[in-house]
$ cat input-v1.cif   # mmCIF, C-alpha atoms
data_upload
#
loop_
_atom_site.label_atom_id
_atom_site.label_comp_id
_atom_site.auth_asym_id
_atom_site.auth_seq_id
_atom_site.Cartn_x
_atom_site.Cartn_y
_atom_site.Cartn_z
CA MET A 1 16.27 55.28 -78.94
CA THR A 2 17.84 51.88 -78.28
CA THR A 3 19.73 50.36 -81.21
CA ASN A 4 19.51 46.75 -82.39
CA ALA A 5 23.10 46.20 -81.25
CA GLU A 6 22.30 47.53 -77.76
CA ILE A 7 19.28 45.25 -77.43
CA LYS A 8 21.33 42.21 -78.46
CA GLN A 9 24.20 43.26 -76.15
CA SER A 10 21.76 43.54 -73.25
CA PHE A 11 20.56 39.97 -73.90
CA ILE A 12 24.14 38.69 -74.15
CA GLU A 13 25.04 40.37 -70.84
CA GLY A 14 21.89 38.97 -69.24
CA LEU A 15 22.69 35.39 -70.23
CA SER A 16 26.29 35.91 -69.13
CA GLY A 17 24.97 36.80 -65.68
CA ILE A 18 22.64 33.79 -65.61
CA SER A 19 25.53 31.54 -66.66
CA GLN A 20 27.69 32.91 -63.85
CA PHE A 21 24.83 32.50 -61.35
CA TRP A 22 24.66 28.77 -62.19
CA GLY A 23 28.42 28.40 -61.72
CA PHE A 24 29.47 28.45 -65.35
CA PRO A 25 31.82 30.99 -66.93
CA LYS A 26 30.19 34.21 -68.11
CA ALA A 27 31.76 33.51 -71.51
CA MET A 28 29.57 30.41 -71.92
CA GLY A 29 26.45 32.50 -71.44
CA ALA A 30 27.69 35.14 -73.88
CA ILE A 31 28.52 32.56 -76.56
CA PHE A 32 25.19 30.77 -76.20
CA ALA A 33 23.29 34.09 -76.27
CA LEU A 34 25.08 35.26 -79.42
CA LEU A 35 24.43 31.96 -81.19
CA TYR A 36 20.83 31.84 -79.99
CA LEU A 37 20.14 35.23 -81.58
CA ALA A 38 21.99 34.38 -84.81
CA PRO A 39 19.75 33.35 -87.72
CA THR A 40 22.62 31.33 -89.25
CA PRO A 41 25.55 29.39 -87.77
CA LEU A 42 28.55 31.52 -86.78
CA SER A 43 32.27 30.87 -87.16
CA LEU A 44 34.69 31.14 -84.25
CA ASP A 45 35.90 34.46 -85.69
CA GLU A 46 32.33 35.79 -85.78
CA ILE A 47 31.81 34.66 -82.18
CA VAL A 48 35.01 36.48 -81.16
CA GLU A 49 33.76 39.61 -82.93
CA GLY A 50 30.28 39.36 -81.39
CA THR A 51 31.39 38.74 -77.81
CA GLY A 52 34.76 40.49 -77.56
CA LEU A 53 36.25 37.34 -75.99
CA THR A 54 39.58 35.84 -77.01
CA LYS A 55 39.68 33.03 -79.55
CA GLY A 56 41.19 30.73 -76.90
CA SER A 57 38.33 31.42 -74.49
CA ILE A 58 35.79 30.95 -77.28
CA SER A 59 37.35 27.65 -78.34
CA THR A 60 37.38 26.25 -74.79
CA ASN A 61 33.83 27.33 -73.98
CA VAL A 62 32.46 26.19 -77.35
CA ARG A 63 33.74 22.66 -76.66
CA THR A 64 32.04 22.67 -73.25
CA LEU A 65 28.77 24.02 -74.65
CA ALA A 66 28.83 21.41 -77.43
CA ARG A 67 29.50 18.63 -74.90
CA MET A 68 26.51 19.87 -72.89
CA GLY A 69 24.35 19.78 -76.01
CA LEU A 70 23.62 23.51 -75.87
CA ILE A 71 25.29 24.27 -79.21
CA HIS A 72 26.11 22.15 -82.24
CA PRO A 73 28.86 22.26 -84.86
CA VAL A 74 27.63 22.88 -88.40
CA ALA A 75 29.65 22.02 -91.51
CA LYS A 76 29.59 24.30 -94.52
CA VAL A 77 30.51 22.87 -97.91
CA ALA A 78 33.89 24.07 -99.21
CA ASP A 79 34.63 25.98 -96.00
CA ARG A 80 37.20 24.70 -93.53
CA LYS A 81 36.09 26.99 -90.69
CA ASP A 82 34.19 25.66 -87.70
CA TYR A 83 30.62 26.97 -87.44
CA TYR A 84 28.18 26.63 -84.54
CA GLU A 85 24.49 27.10 -83.85
CA ALA A 86 22.50 27.13 -80.60
CA GLU A 87 20.18 24.32 -79.57
CA THR A 88 16.65 25.74 -79.51
CA ASP A 89 14.89 22.66 -78.10
CA PHE A 90 15.20 23.37 -74.37
CA TYR A 91 13.66 20.03 -73.38
CA LYS A 92 16.44 18.32 -75.32
CA SER A 93 19.07 20.56 -73.68
CA VAL A 94 17.83 19.85 -70.17
CA GLN A 95 17.68 16.16 -70.99
CA THR A 96 21.29 16.21 -72.25
CA ILE A 97 22.52 18.06 -69.17
CA LEU A 98 20.68 15.76 -66.76
CA THR A 99 21.79 12.58 -68.49
CA GLY A 100 25.33 13.98 -68.28
CA ARG A 101 24.70 13.62 -64.56
CA GLN A 102 25.44 9.94 -65.09
CA ASN A 103 29.04 10.89 -65.86
CA HIS A 104 31.62 8.82 -63.95
CA GLU A 105 33.23 11.89 -62.32
CA PHE A 106 29.88 13.22 -61.11
CA GLU A 107 28.97 9.77 -59.79
CA ARG A 108 32.23 9.63 -57.85
CA ALA A 109 31.51 13.05 -56.28
CA ILE A 110 28.02 11.94 -55.25
CA ASN A 111 29.41 8.74 -53.76
CA SER A 112 31.96 10.70 -51.73
CA VAL A 113 29.12 12.72 -50.17
CA LYS A 114 27.20 9.53 -49.37
CA GLU A 115 30.28 7.79 -47.92
CA THR A 116 31.25 10.80 -45.79
CA LEU A 117 27.70 11.09 -44.48
CA MET A 118 27.63 7.38 -43.60
CA ALA A 119 31.00 7.67 -41.80
CA LEU A 120 29.78 10.63 -39.76
CA GLU A 121 26.51 8.90 -38.89
CA ALA A 122 28.48 5.80 -37.82
CA GLY A 123 30.42 7.94 -35.35
CA GLN A 124 33.75 7.88 -37.20
CA GLY A 125 36.18 10.72 -36.58
CA ALA A 126 36.85 12.67 -33.41
CA PHE A 127 34.26 15.40 -33.96
CA ASP A 128 32.50 16.88 -30.99
CA LYS A 129 28.74 16.37 -30.88
CA LYS A 130 27.89 19.88 -32.14
CA GLU A 131 30.30 19.78 -35.10
CA ARG A 132 29.20 16.23 -36.06
CA ALA A 133 25.53 17.31 -36.03
CA PHE A 134 26.38 20.34 -38.16
CA LEU A 135 28.34 18.27 -40.72
CA ILE A 136 25.61 15.63 -40.88
CA GLU A 137 22.98 18.32 -41.45
CA ARG A 138 24.99 19.92 -44.25
CA LEU A 139 25.83 16.65 -45.98
CA GLN A 140 22.27 15.38 -45.64
CA ALA A 141 21.00 18.53 -47.37
CA LEU A 142 23.46 17.96 -50.20
CA GLN A 143 22.49 14.28 -50.40
CA ASP A 144 18.80 15.24 -50.57
CA PHE A 145 19.59 17.62 -53.42
CA PHE A 146 21.46 14.91 -55.34
CA ASP A 147 18.59 12.49 -54.74
CA ALA A 148 16.17 15.07 -56.17
CA ILE A 149 18.37 15.46 -59.27
CA ASP A 150 18.38 11.68 -59.67
CA ASN A 151 14.57 11.63 -59.43
CA VAL A 152 14.24 14.38 -62.05
CA THR A 153 16.72 12.57 -64.31
CA ARG A 154 14.77 9.31 -64.03
CA ALA A 155 11.47 11.15 -64.68
CA ILE A 156 12.85 12.84 -67.79
CA SER A 157 14.24 9.53 -69.01
CA LYS A 158 10.82 7.90 -68.56
CA LEU A 159 9.10 10.80 -70.32
CA ASP A 160 11.54 10.45 -73.17
CA ARG A 161 10.68 6.77 -73.53
CA LEU A 162 7.00 7.73 -73.72
CA GLY A 163 7.78 10.06 -76.61
CA ILE A 164 7.54 13.81 -77.06
CA LYS A 165 3.94 13.67 -78.36
CA THR A 166 2.80 12.02 -75.12
CA VAL A 167 4.73 14.56 -73.04
CA GLN A 168 3.21 17.46 -74.98
CA SER A 169 -0.28 16.00 -74.48
CA VAL A 170 0.27 15.72 -70.73
CA ILE A 171 1.55 19.30 -70.56
CA LYS A 172 -1.53 20.57 -72.42
CA ILE A 173 -3.80 18.75 -69.96
CA LEU A 174 -1.94 20.24 -66.99
CA LYS A 175 -2.30 23.78 -68.34
#
$ encode --input "input-v1.cif" --output "structure tokens"
Amino acid sequence: MTTNAEIKQSFIEGLSGISQFWGFPKAMGAIFALLYLAPTPLSLDEIVEGTGLTKGSISTNVRTLARMGLIHPVAKVADRKDYYEAETDFYKSVQTILTGRQNHEFERAINSVKETLMALEAGQGAFDKKERAFLIERLQALQDFFDAIDNVTRAISKLDRLGIKTVQSVIKILK
């Protein structure tokens, strides 16, 4: 018979794997999973206990998760500890992550891809024909991906301006 703790641990390990798959630390997935399953906000000490991670790792990853909008700090009256809870509105989480795409550092990375692609297409550099074609193909694929992210970000922003009720109505129609 599987225990409650084993079931929760399986979920935490699963989200750790998903987190790693998407290029984030496994610890971020474990922290989010633990908070998602918690009926009340948890302190850093409780997160350490529930995940087995170090307090330093927890602290670093909690800040990143909070910046991404996936968890939120919660204040408790007369308690100086930091408490956190998971965001359960996934539309809001995706929206926060995608609008974070407009971050200056991310924009600079996207521009470097675009500039490199333009330089290669203009014949700059001493690449042979085969290598140039290969690099252009790779960078064009990356540029297409970034363009798709931009389109999704703009669509979500427009949906947000329409309001959640309108979005929910559209989704019901599409089902």
$ closest_residue --input "input-v1.cif" --among "A:Ala148, A:Ala119, A:Leu70, A:Asp82" --to "A:Leu44" --atoms "only C-alpha atoms"
A:Asp82
$ resolve_selection --input "input-v1.cif" --expression "the PyMOL selection byres ((chain A and resi 48-64) around 9)" --output "list of chain:residue names"
A:Gln9, A:Ile12, A:Pro25, A:Ala27, A:Met28, A:Ala30, A:Ile31, A:Phe32, A:Leu34, A:Ser43, A:Leu44, A:Asp45, A:Glu46, A:Ile47, A:Leu65, A:Ala66, A:Arg67, A:Met68, A:Gly69, A:Leu70, A:Ile71, A:His72, A:Tyr84
$ resolve_selection --input "input-v1.cif" --expression "the PyMOL selection byres ((chain A and resi 15) around 9)" --output "MDAnalysis selection string"
chainID A and resid 10:14 16:20 26 28:30 32:33
$ atom_distance --input "input-v1.cif" --atom1 "atom CA of A:Lys158" --atom2 "atom CA of A:Phe146"
18.4 Å
$ atom_distance --input "input-v1.cif" --atom1 "atom CA of A:Ala38" --atom2 "atom CA of A:Lys8"
10.1 Å
$ residues_around --input "input-v1.cif" --residues "A:Ala141" --least-positions-apart "5" --cutoff "12 Å" --atoms "all atoms listed in the file" --output "mmCIF file with C-alpha atoms, keeping the file's coordinate frame"
data_model
loop_
_atom_site.group_PDB
_atom_site.id
_atom_site.type_symbol
_atom_site.label_atom_id
_atom_site.label_comp_id
_atom_site.auth_asym_id
_atom_site.auth_seq_id
_atom_site.Cartn_x
_atom_site.Cartn_y
_atom_site.Cartn_z
ATOM 1 C CA VAL A 113 29.120 12.720 -50.170
ATOM 2 C CA LYS A 114 27.200 9.530 -49.370
ATOM 3 C CA LEU A 117 27.700 11.090 -44.480
ATOM 4 C CA PHE A 134 26.380 20.340 -38.160
ATOM 5 C CA LEU A 135 28.340 18.270 -40.720
ATOM 6 C CA ILE A 136 25.610 15.630 -40.880
ATOM 7 C CA PHE A 146 21.460 14.910 -55.340
ATOM 8 C CA ASP A 147 18.590 12.490 -54.740
ATOM 9 C CA ALA A 148 16.170 15.070 -56.170
#
$ build_atoms --input "input-v1.cif" --residues "stretch 134-147 of chain A" --atoms "N, CA and C atoms" --output "PDB file, keeping the file's coordinate frame"
ATOM      1  N   PHE A 134      26.333  19.335 -37.109  1.00  0.00           N
ATOM      2  CA  PHE A 134      26.380  20.340 -38.160  1.00  0.00           C
ATOM      3  C   PHE A 134      26.788  19.711 -39.495  1.00  0.00           C
ATOM      4  N   LEU A 135      27.862  18.907 -39.489  1.00  0.00           N
ATOM      5  CA  LEU A 135      28.340  18.270 -40.720  1.00  0.00           C
ATOM      6  C   LEU A 135      27.296  17.309 -41.298  1.00  0.00           C
ATOM      7  N   ILE A 136      26.655  16.553 -40.423  1.00  0.00           N
ATOM      8  CA  ILE A 136      25.610  15.630 -40.880  1.00  0.00           C
ATOM      9  C   ILE A 136      24.461  16.411 -41.525  1.00  0.00           C
ATOM     10  N   GLU A 137      24.068  17.497 -40.900  1.00  0.00           N
ATOM     11  CA  GLU A 137      22.980  18.320 -41.450  1.00  0.00           C
ATOM     12  C   GLU A 137      23.335  18.854 -42.832  1.00  0.00           C
ATOM     13  N   ARG A 138      24.557  19.371 -42.965  1.00  0.00           N
ATOM     14  CA  ARG A 138      24.990  19.920 -44.250  1.00  0.00           C
ATOM     15  C   ARG A 138      25.071  18.837 -45.328  1.00  0.00           C
ATOM     16  N   LEU A 139      25.687  17.719 -44.994  1.00  0.00           N
ATOM     17  CA  LEU A 139      25.830  16.650 -45.980  1.00  0.00           C
ATOM     18  C   LEU A 139      24.494  16.008 -46.331  1.00  0.00           C
ATOM     19  N   GLN A 140      23.592  15.929 -45.360  1.00  0.00           N
ATOM     20  CA  GLN A 140      22.270  15.380 -45.640  1.00  0.00           C
ATOM     21  C   GLN A 140      21.504  16.283 -46.605  1.00  0.00           C
ATOM     22  N   ALA A 141      21.646  17.594 -46.444  1.00  0.00           N
ATOM     23  CA  ALA A 141      21.000  18.530 -47.370  1.00  0.00           C
ATOM     24  C   ALA A 141      21.538  18.355 -48.788  1.00  0.00           C
ATOM     25  N   LEU A 142      22.851  18.181 -48.892  1.00  0.00           N
ATOM     26  CA  LEU A 142      23.460  17.960 -50.200  1.00  0.00           C
ATOM     27  C   LEU A 142      23.012  16.623 -50.784  1.00  0.00           C
ATOM     28  N   GLN A 143      22.952  15.591 -49.954  1.00  0.00           N
ATOM     29  CA  GLN A 143      22.490  14.280 -50.400  1.00  0.00           C
ATOM     30  C   GLN A 143      21.041  14.347 -50.876  1.00  0.00           C
ATOM     31  N   ASP A 144      20.195  15.077 -50.157  1.00  0.00           N
ATOM     32  CA  ASP A 144      18.800  15.240 -50.570  1.00  0.00           C
ATOM     33  C   ASP A 144      18.702  15.928 -51.920  1.00  0.00           C
ATOM     34  N   PHE A 145      19.564  16.924 -52.141  1.00  0.00           N
ATOM     35  CA  PHE A 145      19.590  17.620 -53.420  1.00  0.00           C
ATOM     36  C   PHE A 145      19.978  16.662 -54.545  1.00  0.00           C
ATOM     37  N   PHE A 146      21.042  15.871 -54.324  1.00  0.00           N
ATOM     38  CA  PHE A 146      21.460  14.910 -55.340  1.00  0.00           C
ATOM     39  C   PHE A 146      20.378  13.866 -55.598  1.00  0.00           C
ATOM     40  N   ASP A 147      19.691  13.449 -54.562  1.00  0.00           N
ATOM     41  CA  ASP A 147      18.590  12.490 -54.740  1.00  0.00           C
ATOM     42  C   ASP A 147      17.481  13.105 -55.592  1.00  0.00           C
TER      43      ASP A 147
END
